[in-house]
file structure_35.txt (compact mmCIF, C-alpha atoms and all ligand atoms)
# COMPACT_ATOMS: atom_id res chain seq x y z
CA MET A 1 -105.08 -8.57 65.27
CA ARG A 2 -105.30 -10.85 68.24
CA GLU A 3 -105.84 -13.83 65.97
CA ILE A 4 -102.79 -12.94 63.85
CA ALA A 5 -100.57 -12.22 66.87
CA ASP A 6 -101.60 -15.48 68.61
CA GLY A 7 -101.29 -17.54 65.42
CA LEU A 8 -97.80 -16.21 64.76
CA ALA A 9 -96.75 -16.83 68.36
CA ARG A 10 -97.83 -20.47 67.99
CA ALA A 11 -96.04 -20.74 64.64
CA ARG A 12 -92.83 -19.35 66.17
CA ASP A 13 -92.81 -22.22 68.65
CA ALA A 14 -93.21 -24.75 65.85
CA GLN A 15 -91.03 -23.55 62.98
CA PRO A 16 -87.80 -21.59 62.32
CA ALA A 17 -88.12 -17.85 63.01
CA GLU A 18 -86.77 -16.93 59.56
CA SER A 19 -89.68 -18.74 57.91
CA ILE A 20 -92.15 -16.27 59.43
CA GLY A 21 -92.57 -12.93 57.70
CA PRO A 22 -93.59 -9.67 59.39
CA TRP A 23 -97.25 -8.71 59.38
CA CYS A 24 -98.66 -5.31 58.70
CA ALA A 25 -101.56 -3.16 59.84
CA ASN A 26 -103.10 -0.58 57.54
CA LEU A 27 -104.43 2.65 59.02
CA VAL A 28 -106.52 5.23 57.21
CA THR A 29 -105.10 8.41 58.75
CA HIS A 30 -107.45 10.87 57.01
CA SER A 31 -109.36 13.14 59.41
CA SER A 32 -112.70 11.61 58.29
CA ASN A 33 -111.74 8.29 59.92
CA THR A 34 -113.28 8.82 63.35
CA ARG A 35 -112.13 5.37 64.48
CA LEU A 36 -108.42 6.21 64.20
CA PRO A 37 -107.71 6.80 67.94
CA GLU A 38 -109.17 3.37 68.82
CA ASP A 39 -107.30 1.71 65.96
CA LEU A 40 -104.07 3.26 67.24
CA GLN A 41 -104.72 1.83 70.70
CA LEU A 42 -105.02 -1.64 69.15
CA VAL A 43 -101.80 -1.06 67.21
CA ALA A 44 -100.03 -0.15 70.47
CA ARG A 45 -101.39 -3.33 72.05
CA TYR A 46 -100.65 -5.86 69.29
CA LYS A 47 -97.50 -4.17 67.92
CA PRO A 48 -97.57 -5.08 64.21
CA PRO A 49 -93.94 -4.77 63.02
CA LEU A 50 -95.13 -2.77 60.00
CA VAL A 51 -97.82 -0.10 59.84
CA VAL A 52 -98.92 1.36 56.53
CA THR A 53 -100.70 4.71 56.68
CA ALA A 54 -103.03 5.69 53.85
CA LEU A 55 -105.07 8.67 52.66
CA GLY A 56 -103.64 11.07 55.21
CA SER A 57 -100.46 12.23 56.92
CA PRO A 58 -98.55 9.45 58.73
CA LYS A 59 -97.97 11.84 61.67
CA PRO A 60 -100.73 10.47 63.96
CA ALA A 61 -99.15 6.99 63.85
CA MET A 62 -95.46 7.87 64.24
CA GLU A 63 -95.09 8.09 68.02
CA THR A 64 -97.14 4.96 68.74
CA VAL A 65 -95.43 2.74 66.17
CA HIS A 66 -91.87 3.94 66.79
CA GLY A 67 -92.62 3.62 70.50
CA TYR A 68 -92.55 -0.19 70.26
CA GLY A 69 -89.91 -0.38 67.52
CA GLY A 70 -92.27 -0.82 64.57
CA LEU A 71 -91.74 0.69 61.14
CA VAL A 72 -94.09 3.15 59.43
CA ILE A 73 -94.59 3.10 55.67
CA ALA A 74 -96.70 5.90 54.18
CA ASP A 75 -98.75 5.37 51.04
CA VAL A 76 -98.16 8.43 48.84
CA THR A 77 -99.46 9.35 45.40
CA ASN A 78 -97.33 12.40 44.62
CA LEU A 79 -94.07 14.13 45.51
CA THR A 80 -95.63 16.69 47.86
CA LEU A 81 -97.10 13.91 50.00
CA ALA A 82 -93.84 11.96 49.77
CA ARG A 83 -91.81 14.93 51.06
CA LYS A 84 -94.28 15.52 53.91
CA ALA A 85 -94.12 11.86 54.91
CA VAL A 86 -90.32 11.93 54.93
CA ALA A 87 -90.40 15.10 57.06
CA ALA A 88 -92.69 13.25 59.50
CA GLY A 89 -89.96 10.61 59.90
CA VAL A 90 -91.38 7.58 58.07
CA ASP A 91 -89.21 4.53 57.51
CA GLY A 92 -90.64 3.81 54.08
CA LEU A 93 -92.62 5.31 51.24
CA ALA A 94 -95.08 3.30 49.17
CA CYS A 95 -95.30 5.11 45.85
CA ILE A 96 -98.76 4.38 44.50
CA CYS A 97 -98.43 4.86 40.78
CA SER A 98 -100.67 4.95 37.75
CA GLY A 99 -102.81 1.85 37.23
CA ALA A 100 -103.09 0.82 40.90
CA GLY A 101 -106.19 -0.96 42.17
CA GLY A 102 -108.29 0.94 44.69
CA HIS A 103 -107.12 4.50 45.34
CA THR A 104 -104.55 5.18 42.68
CA GLY A 105 -101.84 7.63 41.78
CA SER A 106 -101.19 8.96 38.30
CA LEU A 107 -97.40 9.12 38.09
CA SER A 108 -95.26 6.72 36.11
CA PRO A 109 -93.36 4.44 38.52
CA PHE A 110 -90.08 5.33 36.77
CA ALA A 111 -90.57 9.06 37.28
CA PHE A 112 -91.88 8.62 40.82
CA VAL A 113 -89.11 6.35 42.13
CA SER A 114 -86.31 8.39 40.53
CA ALA A 115 -87.67 11.61 42.03
CA VAL A 116 -88.17 10.06 45.48
CA ARG A 117 -84.65 8.61 45.47
CA GLU A 118 -83.28 12.18 45.19
CA PHE A 119 -84.37 12.93 48.75
CA PHE A 120 -85.03 9.57 50.42
CA ASP A 121 -82.78 6.55 50.92
CA GLY A 122 -85.17 4.55 53.11
CA LEU A 123 -87.42 1.72 52.05
CA VAL A 124 -89.21 2.40 48.76
CA VAL A 125 -92.20 0.32 47.70
CA VAL A 126 -93.88 0.65 44.31
CA GLY A 127 -97.53 -0.18 43.74
CA GLY A 128 -99.68 -0.10 40.65
CA ALA A 129 -100.59 -2.64 37.97
CA ILE A 130 -97.77 -5.03 38.90
CA SER A 131 -99.19 -8.51 38.42
CA ASP A 132 -96.23 -10.65 37.40
CA GLY A 133 -92.60 -11.24 38.33
CA TRP A 134 -91.41 -9.26 35.32
CA GLY A 135 -93.05 -6.19 36.81
CA VAL A 136 -91.51 -6.84 40.23
CA ALA A 137 -88.05 -7.06 38.63
CA GLY A 138 -88.73 -3.86 36.70
CA ALA A 139 -89.65 -1.99 39.87
CA VAL A 140 -86.51 -3.20 41.66
CA ALA A 141 -84.35 -2.27 38.64
CA ALA A 142 -85.92 1.20 38.71
CA GLY A 143 -84.80 1.75 42.33
CA ALA A 144 -87.55 0.25 44.49
CA ASP A 145 -86.90 -2.24 47.30
CA MET A 146 -90.17 -4.09 47.00
CA VAL A 147 -93.64 -3.88 45.51
CA TYR A 148 -97.28 -3.90 46.50
CA MET A 149 -99.45 -6.35 44.62
CA GLY A 150 -103.11 -5.97 45.49
CA THR A 151 -105.27 -7.01 42.57
CA ARG A 152 -103.23 -10.15 41.82
CA PHE A 153 -103.90 -11.65 45.24
CA ILE A 154 -107.65 -10.99 45.25
CA ALA A 155 -107.97 -13.75 42.63
CA THR A 156 -106.52 -16.46 44.87
CA GLN A 157 -108.26 -19.35 46.56
CA GLU A 158 -107.36 -18.06 50.02
CA SER A 159 -108.76 -14.57 49.39
CA MET A 160 -112.09 -13.94 51.11
CA ALA A 161 -113.44 -11.93 48.17
CA ASP A 162 -116.78 -12.88 46.59
CA PRO A 163 -116.23 -15.69 44.04
CA ALA A 164 -118.00 -13.54 41.41
CA TYR A 165 -115.43 -10.78 42.06
CA LYS A 166 -112.58 -13.26 41.54
CA GLN A 167 -114.16 -14.44 38.29
CA MET A 168 -114.60 -10.85 37.11
CA LEU A 169 -110.85 -10.36 37.61
CA VAL A 170 -110.13 -13.44 35.50
CA ASP A 171 -112.48 -12.18 32.77
CA SER A 172 -111.23 -8.56 32.75
CA THR A 173 -108.39 -6.67 31.08
CA SER A 174 -107.11 -3.13 31.56
CA GLU A 175 -109.91 -1.97 29.26
CA HIS A 176 -112.47 -2.90 31.91
CA ILE A 177 -111.04 -0.43 34.42
CA VAL A 178 -112.25 3.12 34.96
CA VAL A 179 -110.52 5.67 37.20
CA SER A 180 -112.88 8.02 38.98
CA ALA A 181 -113.02 10.18 42.10
CA GLY A 182 -116.83 9.97 41.92
CA LEU A 183 -117.26 7.27 44.54
CA THR A 184 -114.94 8.16 47.43
CA GLY A 185 -113.76 11.68 46.57
CA THR A 186 -110.30 10.43 45.59
CA PRO A 187 -109.31 8.87 42.23
CA ALA A 188 -109.74 5.11 42.38
CA SER A 189 -109.71 2.28 39.82
CA TRP A 190 -113.03 0.40 39.51
CA LEU A 191 -114.20 -2.56 37.47
CA LYS A 192 -116.73 -1.28 34.94
CA PRO A 193 -118.84 -4.49 34.93
CA SER A 194 -119.21 -4.22 38.70
CA LEU A 195 -120.43 -0.61 38.45
CA ARG A 196 -122.96 -1.61 35.78
CA ALA A 197 -124.18 -4.47 38.00
CA ARG A 198 -125.02 -1.84 40.67
CA GLY A 199 -126.87 0.36 38.17
CA ILE A 200 -124.03 2.87 37.85
CA ASP A 201 -122.98 4.00 34.36
CA PRO A 202 -119.16 3.86 34.30
CA ASP A 203 -119.09 6.36 31.43
CA ASN A 204 -121.11 8.97 33.35
CA LEU A 205 -119.75 8.88 36.87
CA PRO A 206 -120.63 11.70 39.26
CA ALA A 207 -118.23 14.47 40.22
CA ALA A 208 -116.12 13.89 43.31
CA PRO A 209 -118.12 13.94 46.59
CA PRO A 210 -116.38 15.17 49.78
CA ARG A 211 -113.61 12.77 50.81
CA SER A 212 -114.83 10.24 53.34
CA TYR A 213 -113.09 7.11 54.57
CA ASP A 214 -114.64 6.49 57.94
CA SER A 215 -113.82 2.90 58.94
CA SER A 216 -116.90 3.02 61.23
CA ASP A 217 -119.27 3.17 58.23
CA VAL A 218 -119.75 -0.59 58.32
CA ASP A 219 -123.54 -0.47 57.86
CA LYS A 220 -123.58 1.62 54.68
CA PRO A 221 -123.45 -0.18 51.29
CA SER A 222 -119.71 -0.61 51.02
CA ARG A 223 -117.92 0.80 48.01
CA TRP A 224 -115.35 -1.95 48.32
CA ARG A 225 -117.65 -4.84 49.24
CA ASP A 226 -120.40 -4.12 46.70
CA ILE A 227 -118.55 -2.19 44.01
CA TRP A 228 -115.34 -3.88 43.05
CA ALA A 229 -111.95 -2.34 42.41
CA ALA A 230 -108.98 -3.58 40.42
CA GLY A 231 -105.74 -2.29 38.99
CA ARG A 232 -104.78 -2.12 35.34
CA GLY A 233 -102.56 -5.19 35.71
CA VAL A 234 -105.72 -7.30 35.92
CA GLY A 235 -105.19 -8.77 32.43
CA ALA A 236 -102.34 -10.95 33.72
CA ILE A 237 -104.79 -12.90 35.90
CA LYS A 238 -105.84 -16.02 34.01
CA ALA A 239 -107.23 -18.21 36.79
CA VAL A 240 -108.08 -18.29 40.49
CA ALA A 241 -105.12 -20.17 41.98
CA PRO A 242 -103.74 -20.96 45.46
CA VAL A 243 -101.39 -18.27 46.82
CA ALA A 244 -98.48 -20.75 46.77
CA THR A 245 -98.96 -21.30 43.03
CA VAL A 246 -99.07 -17.55 42.36
CA VAL A 247 -95.91 -17.02 44.43
CA GLN A 248 -94.09 -19.83 42.58
CA GLN A 249 -95.04 -18.26 39.28
CA LEU A 250 -93.95 -14.81 40.43
CA ARG A 251 -90.63 -16.22 41.54
CA ALA A 252 -90.01 -18.00 38.23
CA GLU A 253 -90.85 -14.82 36.29
CA TYR A 254 -88.69 -12.67 38.58
CA ASP A 255 -85.73 -15.04 38.11
CA ALA A 256 -86.26 -15.13 34.35
CA ALA A 257 -86.34 -11.32 34.29
CA GLY A 258 -83.05 -11.24 36.23
CA ARG A 259 -81.41 -13.61 33.76
CA ARG A 260 -82.70 -11.60 30.81
CA PHE A 261 -81.35 -8.40 32.37
CA GLN A 262 -77.94 -10.01 32.91
CA GLU A 263 -77.81 -11.32 29.34
CA ARG A 264 -78.80 -7.97 27.90
CA THR A 265 -76.33 -5.95 29.94
CA HIS A 266 -73.45 -8.37 29.45
CA ALA A 267 -74.06 -8.62 25.71
CA ARG A 268 -73.15 -4.95 25.23
C1 LIG B 301 -110.07 -3.85 46.44
C2 LIG B 301 -108.89 -3.06 46.92
C3 LIG B 301 -108.92 -2.53 48.21
C4 LIG B 301 -107.85 -1.80 48.68
N1 LIG B 301 -107.91 -1.31 49.94
C5 LIG B 301 -106.86 -0.63 50.44
C6 LIG B 301 -106.87 -0.16 51.77
O1 LIG B 301 -107.82 -0.38 52.52
N2 LIG B 301 -105.80 0.53 52.21
C7 LIG B 301 -104.72 0.77 51.41
O2 LIG B 301 -103.77 1.38 51.87
N3 LIG B 301 -104.67 0.34 50.15
C8 LIG B 301 -105.71 -0.36 49.65
N4 LIG B 301 -105.66 -0.82 48.36
C9 LIG B 301 -104.51 -0.48 47.51
C10 LIG B 301 -103.37 -1.49 47.64
O3 LIG B 301 -102.75 -1.34 48.89
C11 LIG B 301 -102.29 -1.27 46.55
O4 LIG B 301 -101.83 0.04 46.58
C12 LIG B 301 -102.79 -1.58 45.18
O5 LIG B 301 -103.63 -2.71 45.18
C13 LIG B 301 -101.64 -1.81 44.23
O6 LIG B 301 -102.08 -1.87 42.90
P1 LIG B 301 -102.54 -3.24 42.18
O7 LIG B 301 -103.90 -3.53 42.71
O8 LIG B 301 -102.58 -2.81 40.75
O9 LIG B 301 -101.56 -4.29 42.50
C14 LIG B 301 -106.71 -1.57 47.85
C15 LIG B 301 -106.68 -2.12 46.57
C16 LIG B 301 -107.76 -2.87 46.09
C17 LIG B 301 -107.69 -3.45 44.69

call {"tool": "encode", "arguments": {"input": "structure_35.txt", "output": "structure tokens", "more": "lines below"}}
Ligand SMILES: Cc1cc2nc3c(=O)[nH]c(=O)nc-3n(C[C@H](O)[C@H](O)[C@H](O)COP(=O)(O)O)c2cc1C
result
Amino acid sequence: MREIADGLARARDAQPAESIGPWCANLVTHSSNTRLPEDLQLVARYKPPLVVTALGSPKPAMETVHGYGGLVIADVTNLTLARKAVAAGVDGLACICSGAGGHTGSLSPFAFVSAVREFFDGLVVVGGAISDGWGVAGAVAAGADMVYMGTRFIATQESMADPAYKQMLVDSTSEHIVVSAGLTGTPASWLKPSLRARGIDPDNLPAAPPRSYDSSDVDKPSRWRDIWAAGRGVGAIKAVAPVATVVQQLRAEYDAAGRRFQERTHAR
């Protein structure tokens, strides 16, 4: 966090402010994360403009983040969690839908966003299997303000993921993904070839263990470092490319989707 804050401060001196986007900290707010109080102290110190809470109520983060003028976005996988997050005063909801990489939801993005828009007019993010600009445009047309793209950016040159992981993403399609609660206690999308490589049969995964997301567990074999996750949008990844190239492609697809939408709606 210090590195990011210092780097951005230097960049602000050197380039126009509007060219620098906000950065974001992600906090696991589930009670099994024993490191949360220390993480919150760091958040208070470095003041990331955005904080995303995951796997638990956003409540523990609200006072700290609003205290310095930051915004809280809560990852939610269903309407009950979405309502609770809104009651806690969040600024945004990230609706994690079916097909997402890592911990996933099971709702259709169309159903989820429409339902959330009935009781929330704040920032709505949609995540899950969006890997091209057509999908981004679809999410915005459905009522979202922006999207999460996780899997797509793992297969970039700048990503610090294992090169074999990046190649597995290039080689995989949605058929290589299995959703199971057997590894963390919460449904998550895993790459079947990666499970097999660790001697785990993806077709016979264990029942859900107790939920555990302790960020302090750094010495245990990591489920994310050693067993690889991906969303069902993985099939759109054809090569490991620089982030700038991916962003250019996303932009071109997003613009093309906008034009197509205009043509279709004006033609009627
Ligand atoms: C390998 C991996 C690790 C992830 N780790 C986290 C995490 O630590 N915290 C979090 O809130 N979301 C995490 N996510 C979920 C993403 O924030 C996002 O919801 C998801 O990637 C969107 O779906 P997509 O991968 O299909 O684009 C992770 C996703 C992946 C693929």

call {"tool": "residues_near_ligand", "arguments": {"input": "structure_35.txt", "ligand": "ligand LIG 301 (chain B)", "cutoff": "10 Å", "atoms": "all atoms listed in the file", "output": "MDAnalysis selection string"}}
result
chainID A and resid 25:29 52:55 74:77 94:105 125:132 147:154 161 165 188:191 213 215 223:225 227:234

call {"tool": "axis_aligned_box", "arguments": {"input": "structure_35.txt", "around": "range 173-179 of chain A", "padding_each_side": "6 Å", "output": "AutoDock Vina command-line options"}}
result
--center_x -109.8 --center_y -0.5 --center_z 33.2 --size_x 17.4 --size_y 24.3 --size_z 19.9

call {"tool": "residues_around", "arguments": {"input": "structure_35.txt", "residues": "Glu63 in chain A", "least_positions_apart": "5", "cutoff": "12 Å", "atoms": "only C-alpha atoms", "output": "ChimeraX atom specification"}}
result
/A:40-41,43-44,51,58,68-72,88-90

call {"tool": "closest_residue", "arguments": {"input": "structure_35.txt", "among": "A:Leu50, A:Ile237, A:Ile4, A:Ile73", "to": "Met168 in chain A", "atoms": "only C-alpha atoms"}}
result
A:Ile237

call {"tool": "closest_residue", "arguments": {"input": "structure_35.txt", "among": "A:Ala256, A:Leu93, A:Val124, A:Ala142", "to": "Pro109 in chain A", "atoms": "all atoms listed in the file"}}
result
A:Ala142

call {"tool": "closest_residue", "arguments": {"input": "structure_35.txt", "among": "A:Gly199, A:Gly138, A:Gly143, A:Pro193", "to": "Asp121 in chain A", "atoms": "all atoms listed in the file"}}
result
A:Gly143

call {"tool": "atom_distance", "arguments": {"input": "structure_35.txt", "atom1": "CA of Gly67 in chain A", "atom2": "CA of Pro49 in chain A"}}
result
11.3 Å

call {"tool": "residues_near_point", "arguments": {"input": "structure_35.txt", "point": "(-95.5, -11.1, 57.5)", "cutoff": "10 Å", "atoms": "only C-alpha atoms", "output": "VMD selection string"}}
result
chain A and resid 4 8 19 to 24 48 to 50

call {"tool": "closest_residue", "arguments": {"input": "structure_35.txt", "among": "A:Ala5, A:Gln15, A:Arg35, A:Gly92", "to": "Leu123 in chain A", "atoms": "only C-alpha atoms"}}
result
A:Gly92

call {"tool": "residues_around", "arguments": {"input": "structure_35.txt", "residues": "Gln157 in chain A", "least_positions_apart": "2", "cutoff": "6 Å", "atoms": "only C-alpha atoms", "output": "number ranges by chain"}}
result
A: 159, 241-242

call {"tool": "atom_distance", "arguments": {"input": "structure_35.txt", "atom1": "CA of Gly182 in chain A", "atom2": "CA of Pro37 in chain A"}}
result
27.8 Å

call {"tool": "atom_distance", "arguments": {"input": "structure_35.txt", "atom1": "CA of Val240 in chain A", "atom2": "CA of Lys166 in chain A"}}
result
6.8 Å

call {"tool": "closest_residue", "arguments": {"input": "structure_35.txt", "among": "A:Ala257, A:Tyr46, A:Lys84, A:Ala244", "to": "Met1 in chain A", "atoms": "all atoms listed in the file"}}
result
A:Tyr46

call {"tool": "closest_residue", "arguments": {"input": "structure_35.txt", "among": "A:Thr184, A:Asp255, A:Glu263, A:Asp13", "to": "Val136 in chain A", "atoms": "only C-alpha atoms"}}
result
A:Asp255

call {"tool": "build_atoms", "arguments": {"input": "structure_35.txt", "residues": "range 113-126 of chain A", "atoms": "N, CA and C atoms", "output": "PDB file, in the frame of the given file"}}
result
ATOM      1  N   VAL A 113     -90.208   6.918  41.335  1.00  0.00           N
ATOM      2  CA  VAL A 113     -89.110   6.350  42.130  1.00  0.00           C
ATOM      3  C   VAL A 113     -87.846   7.188  41.962  1.00  0.00           C
ATOM      4  N   SER A 114     -87.522   7.587  40.733  1.00  0.00           N
ATOM      5  CA  SER A 114     -86.310   8.390  40.530  1.00  0.00           C
ATOM      6  C   SER A 114     -86.380   9.680  41.330  1.00  0.00           C
ATOM      7  N   ALA A 115     -87.537  10.334  41.315  1.00  0.00           N
ATOM      8  CA  ALA A 115     -87.670  11.610  42.030  1.00  0.00           C
ATOM      9  C   ALA A 115     -87.570  11.390  43.537  1.00  0.00           C
ATOM     10  N   VAL A 116     -88.192  10.333  44.040  1.00  0.00           N
ATOM     11  CA  VAL A 116     -88.170  10.060  45.480  1.00  0.00           C
ATOM     12  C   VAL A 116     -86.748   9.716  45.931  1.00  0.00           C
ATOM     13  N   ARG A 117     -86.024   9.000  45.098  1.00  0.00           N
ATOM     14  CA  ARG A 117     -84.650   8.610  45.470  1.00  0.00           C
ATOM     15  C   ARG A 117     -83.716   9.815  45.594  1.00  0.00           C
ATOM     16  N   GLU A 118     -84.115  10.976  45.038  1.00  0.00           N
ATOM     17  CA  GLU A 118     -83.280  12.180  45.190  1.00  0.00           C
ATOM     18  C   GLU A 118     -83.263  12.684  46.624  1.00  0.00           C
ATOM     19  N   PHE A 119     -84.345  12.390  47.383  1.00  0.00           N
ATOM     20  CA  PHE A 119     -84.370  12.930  48.750  1.00  0.00           C
ATOM     21  C   PHE A 119     -84.633  11.879  49.823  1.00  0.00           C
ATOM     22  N   PHE A 120     -84.699  10.590  49.424  1.00  0.00           N
ATOM     23  CA  PHE A 120     -85.030   9.570  50.420  1.00  0.00           C
ATOM     24  C   PHE A 120     -84.268   8.286  50.139  1.00  0.00           C
ATOM     25  N   ASP A 121     -83.498   7.816  51.151  1.00  0.00           N
ATOM     26  CA  ASP A 121     -82.780   6.550  50.920  1.00  0.00           C
ATOM     27  C   ASP A 121     -83.318   5.421  51.790  1.00  0.00           C
ATOM     28  N   GLY A 122     -84.518   5.628  52.340  1.00  0.00           N
ATOM     29  CA  GLY A 122     -85.170   4.550  53.110  1.00  0.00           C
ATOM     30  C   GLY A 122     -85.841   3.557  52.178  1.00  0.00           C
ATOM     31  N   LEU A 123     -86.729   2.771  52.794  1.00  0.00           N
ATOM     32  CA  LEU A 123     -87.420   1.720  52.050  1.00  0.00           C
ATOM     33  C   LEU A 123     -88.405   2.334  51.034  1.00  0.00           C
ATOM     34  N   VAL A 124     -88.270   1.916  49.787  1.00  0.00           N
ATOM     35  CA  VAL A 124     -89.210   2.400  48.760  1.00  0.00           C
ATOM     36  C   VAL A 124     -89.983   1.215  48.175  1.00  0.00           C
ATOM     37  N   VAL A 125     -91.292   1.332  48.251  1.00  0.00           N
ATOM     38  CA  VAL A 125     -92.200   0.320  47.700  1.00  0.00           C
ATOM     39  C   VAL A 125     -92.873   0.949  46.487  1.00  0.00           C
ATOM     40  N   VAL A 126     -93.121   0.149  45.455  1.00  0.00           N
ATOM     41  CA  VAL A 126     -93.880   0.650  44.310  1.00  0.00           C
ATOM     42  C   VAL A 126     -95.148  -0.166  44.170  1.00  0.00           C
TER      43      VAL A 126
END
